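Listing of coords05.tsv; format and content: TSV, C-alpha atoms.
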chain	number	residue	atom	x	y	z
A	32	MET	CA	0.00	0.00	0.00
A	33	ALA	CA	2.85	2.34	0.95
A	34	GLU	CA	4.59	1.41	-2.30
A	35	ALA	CA	1.45	2.28	-4.29
A	36	GLY	CA	1.31	5.62	-2.50
A	37	ARG	CA	4.94	6.33	-3.37
A	38	SER	CA	4.48	5.43	-7.04
A	39	LEU	CA	1.37	7.63	-7.16
A	40	LYS	CA	3.37	10.49	-5.67
A	41	SER	CA	6.08	10.04	-8.33
A	42	PHE	CA	3.36	9.96	-10.98
A	43	TYR	CA	1.91	13.28	-9.78
A	44	LEU	CA	5.40	14.80	-9.85
A	45	VAL	CA	5.91	13.66	-13.46
A	46	LEU	CA	2.44	14.93	-14.41
A	47	GLY	CA	3.16	18.29	-12.78
A	48	ALA	CA	6.51	18.55	-14.58
A	49	LEU	CA	4.83	17.70	-17.87
A	50	ALA	CA	2.21	20.41	-17.26
A	51	LEU	CA	4.95	22.97	-16.52
A	52	VAL	CA	6.85	22.06	-19.69
A	53	GLY	CA	3.64	22.32	-21.73
A	54	ILE	CA	2.73	25.70	-20.24
A	55	GLY	CA	6.27	26.93	-20.90
A	56	LEU	CA	6.11	25.84	-24.55
A	57	ILE	CA	2.75	27.54	-25.03
A	58	ILE	CA	4.01	30.79	-23.46
A	59	HIS	CA	7.11	30.60	-25.68
A	60	ALA	CA	4.88	30.14	-28.75
A	61	ALA	CA	2.70	33.08	-27.69
A	62	ILE	CA	5.51	35.56	-27.17
A	63	GLY	CA	8.27	34.21	-29.38
A	64	HIS	CA	6.89	35.05	-32.83
A	65	GLY	CA	8.69	36.39	-35.89
A	66	GLY	CA	9.64	40.03	-36.02
A	67	PRO	CA	10.28	42.80	-33.52
A	68	PRO	CA	7.41	45.01	-32.34
A	69	ILE	CA	6.51	47.83	-34.72
A	70	VAL	CA	6.43	51.27	-33.14
A	71	ILE	CA	4.77	54.23	-34.83
A	72	ARG	CA	7.12	57.13	-34.21
A	73	ASP	CA	6.49	60.84	-34.01
A	74	CYS	CA	7.03	62.33	-37.48
A	75	ALA	CA	8.36	65.54	-35.95
A	76	GLN	CA	11.23	63.75	-34.26
A	77	PRO	CA	14.03	62.14	-36.28
A	78	PRO	CA	14.26	63.08	-39.98
A	79	LEU	CA	12.79	60.66	-42.49
A	80	GLY	CA	15.94	60.35	-44.53
A	81	ALA	CA	15.75	60.10	-48.27
A	82	LEU	CA	12.38	58.35	-48.42
A	83	THR	CA	9.49	60.24	-49.96
A	84	ALA	CA	5.86	59.13	-50.13
A	85	ARG	CA	5.45	56.21	-52.50
A	86	GLY	CA	2.68	53.66	-52.59
A	87	PRO	CA	1.05	51.15	-54.91
A	88	THR	CA	-0.66	52.69	-57.93
A	89	ALA	CA	-3.12	51.57	-60.56
A	90	GLY	CA	-3.44	53.38	-63.86
A	91	PRO	CA	-0.97	55.18	-66.13
A	92	ASP	CA	1.43	57.82	-64.81
A	93	SER	CA	0.24	60.07	-67.65
A	94	ALA	CA	-3.39	60.00	-66.45
A	95	PRO	CA	-4.78	63.56	-66.05
A	96	VAL	CA	-6.26	62.75	-62.63
A	97	THR	CA	-4.42	61.27	-59.67
A	98	ILE	CA	-6.47	60.31	-56.63
A	99	THR	CA	-4.47	59.46	-53.54
A	100	GLU	CA	-6.06	57.61	-50.66
A	101	TYR	CA	-4.49	57.76	-47.20
A	102	ALA	CA	-5.86	54.70	-45.44
A	103	ASP	CA	-5.50	52.54	-42.36
A	104	PHE	CA	-6.17	48.80	-42.60
A	105	GLU	CA	-7.89	48.73	-39.23
A	106	CYS	CA	-10.24	51.62	-39.98
A	107	PRO	CA	-13.83	50.42	-40.63
A	108	MET	CA	-14.65	53.19	-43.11
A	109	CYS	CA	-11.48	52.37	-45.08
A	110	ALA	CA	-12.64	48.74	-45.22
A	111	ARG	CA	-16.02	49.88	-46.48
A	112	VAL	CA	-14.41	51.92	-49.24
A	113	ALA	CA	-11.95	49.13	-50.10
A	114	ILE	CA	-14.70	46.52	-50.41
A	115	LEU	CA	-17.52	48.54	-51.95
A	116	THR	CA	-15.81	51.24	-54.01
A	117	VAL	CA	-12.17	50.51	-54.85
A	118	PRO	CA	-12.84	47.32	-56.90
A	119	ASP	CA	-15.24	49.31	-59.10
A	120	ILE	CA	-12.68	52.09	-59.43
A	121	LEU	CA	-9.96	49.66	-60.46
A	122	GLN	CA	-12.22	47.85	-62.94
A	123	ARG	CA	-14.22	50.75	-64.40
A	124	LEU	CA	-12.39	54.05	-63.92
A	125	VAL	CA	-8.72	53.11	-64.13
A	126	PRO	CA	-9.05	51.37	-67.55
A	127	THR	CA	-10.35	54.64	-69.10
A	128	GLY	CA	-6.80	55.99	-68.80
A	129	LYS	CA	-8.10	59.12	-67.08
A	130	LEU	CA	-7.27	58.03	-63.54
A	131	ARG	CA	-4.19	57.03	-61.61
A	132	TRP	CA	-5.21	55.64	-58.21
A	133	GLN	CA	-2.64	55.66	-55.42
A	134	PHE	CA	-2.72	54.06	-52.00
A	135	LEU	CA	-0.64	55.59	-49.21
A	136	ASP	CA	-0.31	54.08	-45.74
A	137	PHE	CA	-1.65	55.97	-42.75
A	138	PRO	CA	-1.64	53.51	-39.82
A	139	LEU	CA	-3.25	55.22	-36.83
A	140	GLN	CA	-1.63	55.17	-33.40
A	141	GLN	CA	-4.71	53.71	-31.71
A	142	HIS	CA	-4.90	50.68	-34.04
A	143	ALA	CA	-2.53	48.09	-32.59
A	144	ASN	CA	-2.66	45.63	-35.49
A	145	SER	CA	-2.63	48.16	-38.27
A	146	PRO	CA	1.18	48.40	-38.67
A	147	LEU	CA	1.49	44.64	-39.21
A	148	ALA	CA	-1.36	44.75	-41.71
A	149	HIS	CA	0.39	47.55	-43.64
A	150	VAL	CA	3.70	45.69	-43.58
A	151	THR	CA	2.01	42.50	-44.83
A	152	ALA	CA	0.19	44.30	-47.64
A	153	ALA	CA	3.38	46.07	-48.70
A	154	CYS	CA	5.28	42.77	-48.70
A	155	ALA	CA	2.48	41.32	-50.84
A	156	GLY	CA	3.00	44.31	-53.12
A	157	ALA	CA	6.62	43.22	-53.54
A	158	GLN	CA	5.19	40.01	-55.03
A	159	GLY	CA	2.86	42.02	-57.27
A	160	LYS	CA	-0.34	41.36	-55.33
A	161	PHE	CA	-0.89	44.45	-53.21
A	162	TRP	CA	-4.50	45.06	-54.28
A	163	GLU	CA	-5.53	41.43	-53.82
A	164	MET	CA	-3.91	41.25	-50.38
A	165	SER	CA	-5.24	44.59	-49.20
A	166	TYR	CA	-8.74	43.50	-50.24
A	167	ALA	CA	-8.35	40.26	-48.26
A	168	ILE	CA	-7.07	42.09	-45.18
A	169	TYR	CA	-9.96	44.55	-45.30
A	170	GLN	CA	-12.50	41.84	-46.04
A	171	HIS	CA	-11.53	39.94	-42.86
A	172	GLN	CA	-11.02	43.04	-40.70
A	173	ASP	CA	-13.54	41.86	-38.10
A	174	ASP	CA	-11.62	38.59	-37.71
A	175	TRP	CA	-8.22	40.04	-36.86
A	176	PHE	CA	-8.50	43.57	-35.49
A	177	GLU	CA	-8.83	42.41	-31.87
A	178	ASP	CA	-6.15	39.71	-32.09
A	179	ARG	CA	-2.97	39.97	-30.08
A	180	ASN	CA	-0.97	38.82	-33.09
A	181	PRO	CA	-2.80	38.36	-36.39
A	182	GLU	CA	0.26	37.30	-38.42
A	183	GLY	CA	-1.00	33.72	-38.85
A	184	LYS	CA	-4.31	34.94	-40.22
A	185	PHE	CA	-2.58	37.31	-42.62
A	186	MET	CA	-0.45	34.40	-43.88
A	187	ASP	CA	-3.60	32.40	-44.45
A	188	TYR	CA	-5.14	35.22	-46.49
A	189	ALA	CA	-1.85	35.45	-48.39
A	190	ARG	CA	-2.05	31.76	-49.21
A	191	ALA	CA	-5.60	32.18	-50.51
A	192	VAL	CA	-4.48	35.12	-52.64
A	193	GLY	CA	-1.73	32.96	-54.17
A	194	LEU	CA	1.34	34.55	-52.60
A	195	ASN	CA	4.56	32.75	-51.77
A	196	VAL	CA	3.95	32.58	-48.03
A	197	ASP	CA	7.51	31.60	-47.06
A	198	SER	CA	9.11	34.64	-48.66
A	199	LEU	CA	6.22	36.84	-47.48
A	200	ARG	CA	6.88	35.72	-43.91
A	201	VAL	CA	10.58	36.62	-44.22
A	202	CYS	CA	9.67	40.07	-45.55
A	203	VAL	CA	7.08	40.62	-42.80
A	204	ASP	CA	9.30	39.35	-39.98
A	205	GLN	CA	12.13	41.63	-41.13
A	206	ARG	CA	9.65	44.56	-41.33
A	207	ARG	CA	11.25	45.47	-44.66
A	208	PRO	CA	8.66	47.98	-45.92
A	209	TRP	CA	8.17	49.76	-42.58
A	210	PRO	CA	10.45	52.78	-43.32
A	211	GLN	CA	8.47	53.45	-46.51
A	212	ILE	CA	5.18	53.06	-44.63
A	213	GLU	CA	6.39	55.58	-42.04
A	214	ALA	CA	7.41	57.97	-44.82
A	215	ASN	CA	3.94	57.64	-46.34
A	216	ARG	CA	2.25	58.30	-43.01
A	217	CYS	CA	4.43	61.31	-42.29
A	218	SER	CA	3.72	62.73	-45.75
A	219	GLY	CA	0.04	62.55	-44.83
A	220	GLU	CA	0.65	64.33	-41.55
A	221	GLN	CA	2.48	67.09	-43.43
A	222	LEU	CA	-0.58	67.47	-45.68
A	223	GLY	CA	-2.85	67.74	-42.64
A	224	VAL	CA	-4.33	64.25	-42.73
A	225	ASN	CA	-5.73	63.47	-39.29
A	226	GLY	CA	-8.19	60.68	-40.04
A	227	THR	CA	-8.81	57.92	-42.52
A	228	PRO	CA	-9.72	57.55	-45.24
A	229	THR	CA	-8.61	60.89	-46.66
A	230	PHE	CA	-8.56	61.48	-50.42
A	231	PHE	CA	-6.63	63.97	-52.51
A	232	VAL	CA	-7.54	64.73	-56.13
A	233	ASN	CA	-4.49	66.08	-57.94
A	234	GLY	CA	-3.20	67.22	-54.57
A	235	HIS	CA	-6.45	68.83	-53.37
A	236	PRO	CA	-8.12	67.21	-50.36
A	237	LEU	CA	-11.72	65.98	-50.58
A	238	PRO	CA	-13.89	66.89	-47.60
A	239	ASP	CA	-15.92	63.66	-47.59
A	240	VAL	CA	-15.74	59.99	-48.40
A	241	PRO	CA	-17.16	59.77	-51.93
A	242	SER	CA	-19.19	56.93	-53.41
A	243	PHE	CA	-18.21	55.33	-56.71
A	244	ASP	CA	-20.57	57.66	-58.61
A	245	ASP	CA	-19.01	60.66	-56.87
A	246	PHE	CA	-15.53	59.44	-57.86
A	247	ALA	CA	-16.70	58.95	-61.46
A	248	ARG	CA	-18.00	62.54	-61.55
A	249	ILE	CA	-14.81	63.86	-59.91
A	250	VAL	CA	-12.60	62.03	-62.42
A	251	ASP	CA	-14.73	63.24	-65.32
A	252	SER	CA	-14.69	66.89	-64.32
A	253	ALA	CA	-11.03	66.89	-63.21
A	254	SER	CA	-9.90	65.27	-66.46
A	255	LYS	CA	-11.92	67.82	-68.50
A	256	ALA	CA	-10.34	70.64	-66.49
A	257	ALA	CA	-6.89	69.14	-66.97
A	258	ALA	CA	-7.27	68.62	-70.76
A	259	PRO	CA	-6.92	72.29	-71.83
A	260	ARG	CA	-3.95	72.71	-69.49
A	261	ALA	CA	-2.28	69.66	-70.98
A	262	ALA	CA	-2.96	70.92	-74.52
A	263	ALA	CA	-1.53	74.34	-73.66
A	264	ALA	CA	1.52	72.70	-72.15
A	265	ARG	CA	2.06	70.70	-75.38
A	266	ARG	CA	1.89	73.94	-77.46
B	189	MET	CA	-4.47	2.05	-12.09
B	190	ARG	CA	-1.85	2.10	-14.83
B	191	HIS	CA	-4.44	2.74	-17.56
B	192	ARG	CA	-5.79	5.71	-15.60
B	193	MET	CA	-2.27	7.11	-15.26
B	194	THR	CA	-1.82	6.70	-19.02
B	195	ALA	CA	-5.17	8.41	-19.61
B	196	ALA	CA	-4.20	11.30	-17.30
B	197	VAL	CA	-0.87	11.88	-19.07
B	198	LEU	CA	-2.45	11.71	-22.52
B	199	ALA	CA	-5.34	13.97	-21.46
B	200	LEU	CA	-2.76	16.51	-20.29
B	201	VAL	CA	-0.97	16.28	-23.66
B	202	GLY	CA	-4.31	16.72	-25.45
B	203	LEU	CA	-5.14	19.66	-23.20
B	204	MET	CA	-1.86	21.40	-24.10
B	205	VAL	CA	-2.37	20.80	-27.83
B	206	SER	CA	-5.97	22.07	-27.71
B	207	THR	CA	-4.93	25.10	-25.66
B	208	TYR	CA	-2.25	25.94	-28.23
B	209	LEU	CA	-4.77	25.70	-31.07
B	210	LEU	CA	-7.36	27.71	-29.12
B	211	LEU	CA	-4.84	30.48	-28.39
B	212	TYR	CA	-4.02	30.59	-32.09
B	213	LYS	CA	-7.69	30.78	-32.97
B	214	LEU	CA	-8.14	33.63	-30.47
B	215	GLY	CA	-5.18	35.48	-32.01
B	216	VAL	CA	-2.91	35.15	-28.98
B	217	VAL	CA	-0.42	32.96	-30.83
B	218	GLY	CA	0.63	34.57	-34.10
B	219	SER	CA	1.44	31.55	-36.21
B	220	LEU	CA	1.28	27.80	-35.74
B	221	LYS	CA	4.37	25.65	-35.86
B	222	CYS	CA	3.50	23.04	-38.43
B	223	VAL	CA	4.98	20.71	-41.03
B	224	GLY	CA	4.08	21.00	-44.70
B	225	SER	CA	2.71	24.11	-46.33
B	226	GLY	CA	0.42	25.67	-43.78
B	227	GLY	CA	-2.15	22.89	-43.35
B	228	CYS	CA	-2.52	23.73	-39.65
B	229	GLU	CA	-3.43	27.35	-40.34
B	230	ARG	CA	-5.71	26.46	-43.24
B	231	VAL	CA	-7.65	23.98	-41.11
B	232	ASN	CA	-7.82	26.21	-38.04
B	233	LEU	CA	-9.01	29.22	-40.01
B	234	SER	CA	-11.54	27.32	-42.10
B	235	PRO	CA	-15.27	27.84	-41.51
B	236	TRP	CA	-15.38	24.35	-39.95
B	237	SER	CA	-13.07	25.40	-37.13
B	238	VAL	CA	-16.02	27.01	-35.33
B	239	ILE	CA	-19.18	25.20	-34.20
B	240	PHE	CA	-22.12	27.20	-32.80
B	241	GLY	CA	-19.80	30.18	-32.39
B	242	VAL	CA	-17.31	28.19	-30.30
B	243	PRO	CA	-13.87	27.31	-31.71
B	244	VAL	CA	-13.47	23.54	-32.15
B	245	ALA	CA	-10.26	23.79	-30.11
B	246	GLY	CA	-12.42	25.10	-27.24
B	247	PHE	CA	-14.38	21.84	-27.27
B	248	GLY	CA	-11.02	20.05	-27.17
B	249	VAL	CA	-9.88	22.04	-24.13
B	250	ALA	CA	-13.14	21.32	-22.31
B	251	GLY	CA	-13.11	17.62	-23.27
B	252	TYR	CA	-9.52	17.01	-22.21
B	253	LEU	CA	-10.08	18.91	-18.94
B	254	VAL	CA	-12.98	16.59	-18.13
B	255	LEU	CA	-10.92	13.51	-19.12
B	256	LEU	CA	-8.02	14.70	-16.97
B	257	GLY	CA	-10.34	15.33	-14.04
B	258	VAL	CA	-11.96	11.89	-14.33
B	259	ALA	CA	-8.56	10.17	-14.68
B	260	LEU	CA	-7.20	11.96	-11.59
B	261	TYR	CA	-10.39	11.15	-9.66
B	262	GLY	CA	-9.95	7.51	-10.67
B	263	LEU	CA	-6.43	7.54	-9.23
B	264	ARG	CA	-7.68	8.26	-5.72
B	265	PRO	CA	-6.96	5.27	-3.45
B	266	ASP	CA	-10.67	4.81	-2.67
B	267	GLN	CA	-11.41	4.43	-6.42
B	268	ALA	CA	-8.67	1.93	-7.16
B	269	ASP	CA	-10.96	-1.14	-7.24
B	270	ARG	CA	-14.01	0.58	-8.67
B	271	PRO	CA	-14.50	0.50	-12.45
B	272	ARG	CA	-16.68	3.62	-12.64
B	273	ALA	CA	-13.88	6.06	-13.56
B	274	THR	CA	-12.60	3.72	-16.28
B	275	ARG	CA	-16.10	3.39	-17.71
B	276	TRP	CA	-16.45	7.16	-17.84
B	277	LEU	CA	-13.01	7.52	-19.44
B	278	ALA	CA	-13.90	4.95	-22.11
B	279	ALA	CA	-17.29	6.54	-22.81
B	280	LEU	CA	-15.98	10.11	-22.94
B	281	SER	CA	-13.00	9.17	-25.10
B	282	ALA	CA	-15.36	7.29	-27.46
B	283	VAL	CA	-17.29	10.53	-27.95
B	284	GLY	CA	-14.02	12.42	-28.44
B	285	LEU	CA	-12.79	9.80	-30.90
B	286	ALA	CA	-16.00	10.07	-32.95
B	287	PHE	CA	-15.61	13.85	-33.01
B	288	SER	CA	-11.95	13.52	-34.05
B	289	LEU	CA	-12.91	11.17	-36.89
B	290	TYR	CA	-15.51	13.69	-38.07
B	291	LEU	CA	-12.84	16.42	-38.06
B	292	LEU	CA	-10.39	14.15	-39.89
B	293	ALA	CA	-13.01	13.49	-42.57
B	294	LEU	CA	-13.50	17.26	-42.95
B	295	GLU	CA	-9.73	17.74	-43.32
B	296	LEU	CA	-9.38	14.98	-45.91
B	297	PHE	CA	-12.48	15.48	-48.03
B	298	VAL	CA	-13.65	19.06	-47.54
B	299	ILE	CA	-10.76	21.31	-46.50
B	300	HIS	CA	-8.12	19.21	-48.32
B	301	ALA	CA	-5.44	19.99	-45.73
B	302	ILE	CA	-4.05	18.09	-42.78
B	303	CYS	CA	-3.40	19.75	-39.44
B	304	LEU	CA	-0.52	18.12	-37.56
B	305	TRP	CA	-1.71	19.27	-34.14
B	306	CYS	CA	-5.24	18.02	-34.79
B	307	SER	CA	-3.74	14.66	-35.79
B	308	ILE	CA	-1.73	14.52	-32.55
B	309	SER	CA	-4.94	15.20	-30.65
B	310	GLY	CA	-6.71	12.49	-32.65
B	311	VAL	CA	-4.02	9.92	-31.84
B	312	THR	CA	-4.12	10.97	-28.18
B	313	ILE	CA	-7.86	10.42	-27.87
B	314	LEU	CA	-7.58	7.13	-29.80
B	315	VAL	CA	-4.96	5.79	-27.35
B	316	ILE	CA	-7.01	6.93	-24.34
B	317	PHE	CA	-9.99	5.05	-25.74
B	318	LEU	CA	-7.99	1.88	-26.52
B	319	VAL	CA	-6.29	1.82	-23.13
B	320	THR	CA	-9.43	2.42	-21.09
B	321	ALA	CA	-11.70	0.20	-23.20
B	322	GLY	CA	-9.05	-2.54	-22.99
B	323	ALA	CA	-8.98	-2.18	-19.20
B	324	LEU	CA	-12.76	-2.60	-19.07
B	325	ARG	CA	-12.47	-5.90	-20.96
B	326	ARG	CA	-10.07	-7.30	-18.39
B	327	PRO	CA	-11.76	-8.95	-15.39
B	328	THR	CA	-11.96	-6.67	-12.37
B	329	PRO	CA	-9.92	-7.99	-9.42
B	330	ALA	CA	-12.07	-9.13	-6.53
B	331	PRO	CA	-12.26	-6.59	-3.72
B	332	ALA	CA	-10.00	-7.33	-0.78
B	333	PRO	CA	-11.86	-9.23	1.96
For this file, produce the structure as structure tokens.
Amino acid sequence: MAEAGRSLKSFYLVLGALALVGIGLIIHAAIGHGGPPIVIRDCAQPPLGALTARGPTAGPDSAPVTITEYADFECPMCARVAILTVPDILQRLVPTGKLRWQFLDFPLQQHANSPLAHVTAACAGAQGKFWEMSYAIYQHQDDWFEDRNPEGKFMDYARAVGLNVDSLRVCVDQRRPWPQIEANRCSGEQLGVNGTPTFFVNGHPLPDVPSFDDFARIVDSASKAAAPRAAAARR
Amino acid sequence: MRHRMTAAVLALVGLMVSTYLLLYKLGVVGSLKCVGSGGCERVNLSPWSVIFGVPVAGFGVAGYLVLLGVALYGLRPDQADRPRATRWLAALSAVGLAFSLYLLALELFVIHAICLWCSISGVTILVIFLVTAGALRRPTPAPAP
């Protein structure tokens, strides 16, 4: 009986040790993920270096109208625009040759997962699939915005989009595009952007968030206004 | 007693695996360690990874907690000669095994991806069932006079 008690005691010790090892492994998995934390810095502090604002574009550089969107992947209104309006713009307005659409990052301080989303989308852009990835990130915004670390979910969206996930993960973990994202955000701050989404038409800010029909009208009138100027410039 | 010890150890392993998957599903763990090309993430982010609004891994955590509790209860000296805990372990692990087989079928024929951690959990529940069901088939020793 005493021997059974001793062997039971040893068993409980082994079970306890196993539990501790398991808990340790889980904690390691929870905190020991890929890249370093991303910190949004104050644009007024250190200089930005040589980087100027540069983001993914759709449409020809020679288009008479350039619309720039400053957006944050965790912002609900940006998601609404990205899902309901941007696909129409890319499929119906950009092919007319009148519009060049530009996306510039503006991750907001209060959105904890936004920097990683911007980094992931930019890394997808390096593989030529920025628009597809940004759509997927926006489409699943409700699934990841409260996560402590949504990297796994982003990789799953990337896989569905057809990206090379292994090289995407390397790019994301190294935070490669972050300096450019910061430069884009700071360019927005310099232009007075204080919320998202904010749109600029040929450098002039729009007061509201337009619908697709509004954008179509804006592109039409701005391209008509730009045509005489372009003709005069050619003469 | 030995089969209950085995069940307790395996239930603890299953509990750890399920907790890991649940933490991933809740966004606490960023990415799953897995072999192959992301089968674990594909399975755990598929629409079938949630039942009635509860992550499947959550059912795993609850199930293994119950199994662990029953196995530990069965290890108490006053339960040594009573088959009740073993019966419960066999019955509960049979339910868990059926659920695991359903999930395996989903992986193979619907999601078309295999999740390593889910497979480990499946093997764990299978062994718990075999060990406890095997113990039930053996004649119970007569109680001490």
Sorted per-residue table, chain B near chain A, closest atoms and distance, 6 Å, only C-alpha atoms, as a tab-separated table:
residue	atom	partner	partner_atom	distance
B:Gly215	CA	A:Asp178	CA	4.3
B:Val216	CA	A:Arg179	CA	4.9
B:Val217	CA	A:Ala61	CA	4.4
B:Gly218	CA	A:Asn180	CA	4.7
B:Ser219	CA	A:Gly183	CA	4.2
If we count all atoms listed in the file and set the cut-off at 12 Å, which residues sit around Ala148 of chain A, ignoring sequence neighbours fewer than 3 positions away in its own chain? Please answer as a PDB file with C-alpha atoms, in the coordinates of the input.
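Contents of the output file selection.pdb:
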ATOM      1  CA  ILE A  69       6.510  47.830 -34.720  1.00  0.00           C
ATOM      2  CA  ALA A 102      -5.860  54.700 -45.440  1.00  0.00           C
ATOM      3  CA  ASP A 103      -5.500  52.540 -42.360  1.00  0.00           C
ATOM      4  CA  PHE A 104      -6.170  48.800 -42.600  1.00  0.00           C
ATOM      5  CA  GLU A 105      -7.890  48.730 -39.230  1.00  0.00           C
ATOM      6  CA  CYS A 106     -10.240  51.620 -39.980  1.00  0.00           C
ATOM      7  CA  ASP A 136      -0.310  54.080 -45.740  1.00  0.00           C
ATOM      8  CA  PHE A 137      -1.650  55.970 -42.750  1.00  0.00           C
ATOM      9  CA  PRO A 138      -1.640  53.510 -39.820  1.00  0.00           C
ATOM     10  CA  LEU A 139      -3.250  55.220 -36.830  1.00  0.00           C
ATOM     11  CA  HIS A 142      -4.900  50.680 -34.040  1.00  0.00           C
ATOM     12  CA  ALA A 143      -2.530  48.090 -32.590  1.00  0.00           C
ATOM     13  CA  ASN A 144      -2.660  45.630 -35.490  1.00  0.00           C
ATOM     14  CA  SER A 145      -2.630  48.160 -38.270  1.00  0.00           C
ATOM     15  CA  THR A 151       2.010  42.500 -44.830  1.00  0.00           C
ATOM     16  CA  ALA A 152       0.190  44.300 -47.640  1.00  0.00           C
ATOM     17  CA  ALA A 153       3.380  46.070 -48.700  1.00  0.00           C
ATOM     18  CA  CYS A 154       5.280  42.770 -48.700  1.00  0.00           C
ATOM     19  CA  ALA A 155       2.480  41.320 -50.840  1.00  0.00           C
ATOM     20  CA  PHE A 161      -0.890  44.450 -53.210  1.00  0.00           C
ATOM     21  CA  MET A 164      -3.910  41.250 -50.380  1.00  0.00           C
ATOM     22  CA  SER A 165      -5.240  44.590 -49.200  1.00  0.00           C
ATOM     23  CA  TYR A 166      -8.740  43.500 -50.240  1.00  0.00           C
ATOM     24  CA  ALA A 167      -8.350  40.260 -48.260  1.00  0.00           C
ATOM     25  CA  ILE A 168      -7.070  42.090 -45.180  1.00  0.00           C
ATOM     26  CA  TYR A 169      -9.960  44.550 -45.300  1.00  0.00           C
ATOM     27  CA  HIS A 171     -11.530  39.940 -42.860  1.00  0.00           C
ATOM     28  CA  GLN A 172     -11.020  43.040 -40.700  1.00  0.00           C
ATOM     29  CA  TRP A 175      -8.220  40.040 -36.860  1.00  0.00           C
ATOM     30  CA  PHE A 176      -8.500  43.570 -35.490  1.00  0.00           C
ATOM     31  CA  ASP A 178      -6.150  39.710 -32.090  1.00  0.00           C
ATOM     32  CA  ASN A 180      -0.970  38.820 -33.090  1.00  0.00           C
ATOM     33  CA  PRO A 181      -2.800  38.360 -36.390  1.00  0.00           C
ATOM     34  CA  GLU A 182       0.260  37.300 -38.420  1.00  0.00           C
ATOM     35  CA  GLY A 183      -1.000  33.720 -38.850  1.00  0.00           C
ATOM     36  CA  LYS A 184      -4.310  34.940 -40.220  1.00  0.00           C
ATOM     37  CA  PHE A 185      -2.580  37.310 -42.620  1.00  0.00           C
ATOM     38  CA  MET A 186      -0.450  34.400 -43.880  1.00  0.00           C
ATOM     39  CA  TYR A 188      -5.140  35.220 -46.490  1.00  0.00           C
ATOM     40  CA  ALA A 189      -1.850  35.450 -48.390  1.00  0.00           C
ATOM     41  CA  VAL A 203       7.080  40.620 -42.800  1.00  0.00           C
ATOM     42  CA  ARG A 206       9.650  44.560 -41.330  1.00  0.00           C
ATOM     43  CA  PRO A 208       8.660  47.980 -45.920  1.00  0.00           C
ATOM     44  CA  TRP A 209       8.170  49.760 -42.580  1.00  0.00           C
ATOM     45  CA  ILE A 212       5.180  53.060 -44.630  1.00  0.00           C
TER      46      ILE A 212
END
Task: Length of the atom CA of Val311 of chain B to atom CA of Ala199 of chain B vector [Å] - done: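 Separation between atom CA of Val311 of chain B and atom CA of Ala199 of chain B: 11.2 Å.
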TODO: Figure out the distance between atom CA of Tyr290 of chain B and atom CA of Phe247 of chain B, please, to one decimal in Å.
DONE: 13.6 Å
Open item on the list: Let me make sure I understand: among B:Val254, B:Ala268, B:Val283, B:Leu289, which one has the smallest atom-to-atom distance to Arg190 of chain B if we use only C-alpha atoms?
Closed with: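 For Arg190 of chain B, the nearest of the given residues is B:Ala268.
Distances from A:Ala75, A:Leu130, A:Val192, A:Ile114 to Gln158 of chain A were compared using only C-alpha atoms, and the smallest one belongs to A:Val192.
For the set B:Leu280, B:Ala250, B:Ile299, B:Ala286, the residue with the smallest atom-to-atom gap to Leu210 of chain B is B:Ala250, counting all atoms listed in the file.
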Task: For atom CA of Leu82 of chain A and atom CA of Gln141 of chain A, the interatomic separation in Å (one decimal) - done: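 Answer for the atom CA of Leu82 of chain A to atom CA of Gln141 of chain A separation: 24.3 Å.
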Open item on the list: I want to know what sits within 12 Å of Leu304 of chain B, based on all atoms listed in the file, with residues of the same chain fewer than 2 positions away left out; could you give that as a PyMOL selection string?
Closed with: chain B and resi 205-206+209+220-232+292+295+301-302+306-311
Would you save the residues of that selection, restricted to C-alpha atoms, as a short mmCIF file (atom, residue, chain, number, x, y, z; two decimals), in the coordinates of the input?
data_model
loop_
_atom_site.label_atom_id
_atom_site.label_comp_id
_atom_site.auth_asym_id
_atom_site.auth_seq_id
_atom_site.Cartn_x
_atom_site.Cartn_y
_atom_site.Cartn_z
CA VAL B 205 -2.37 20.80 -27.83
CA SER B 206 -5.97 22.07 -27.71
CA LEU B 209 -4.77 25.70 -31.07
CA LEU B 220 1.28 27.80 -35.74
CA LYS B 221 4.37 25.65 -35.86
CA CYS B 222 3.50 23.04 -38.43
CA VAL B 223 4.98 20.71 -41.03
CA GLY B 224 4.08 21.00 -44.70
CA SER B 225 2.71 24.11 -46.33
CA GLY B 226 0.42 25.67 -43.78
CA GLY B 227 -2.15 22.89 -43.35
CA CYS B 228 -2.52 23.73 -39.65
CA GLU B 229 -3.43 27.35 -40.34
CA ARG B 230 -5.71 26.46 -43.24
CA VAL B 231 -7.65 23.98 -41.11
CA ASN B 232 -7.82 26.21 -38.04
CA LEU B 292 -10.39 14.15 -39.89
CA GLU B 295 -9.73 17.74 -43.32
CA ALA B 301 -5.44 19.99 -45.73
CA ILE B 302 -4.05 18.09 -42.78
CA CYS B 306 -5.24 18.02 -34.79
CA SER B 307 -3.74 14.66 -35.79
CA ILE B 308 -1.73 14.52 -32.55
CA SER B 309 -4.94 15.20 -30.65
CA GLY B 310 -6.71 12.49 -32.65
CA VAL B 311 -4.02 9.92 -31.84
#
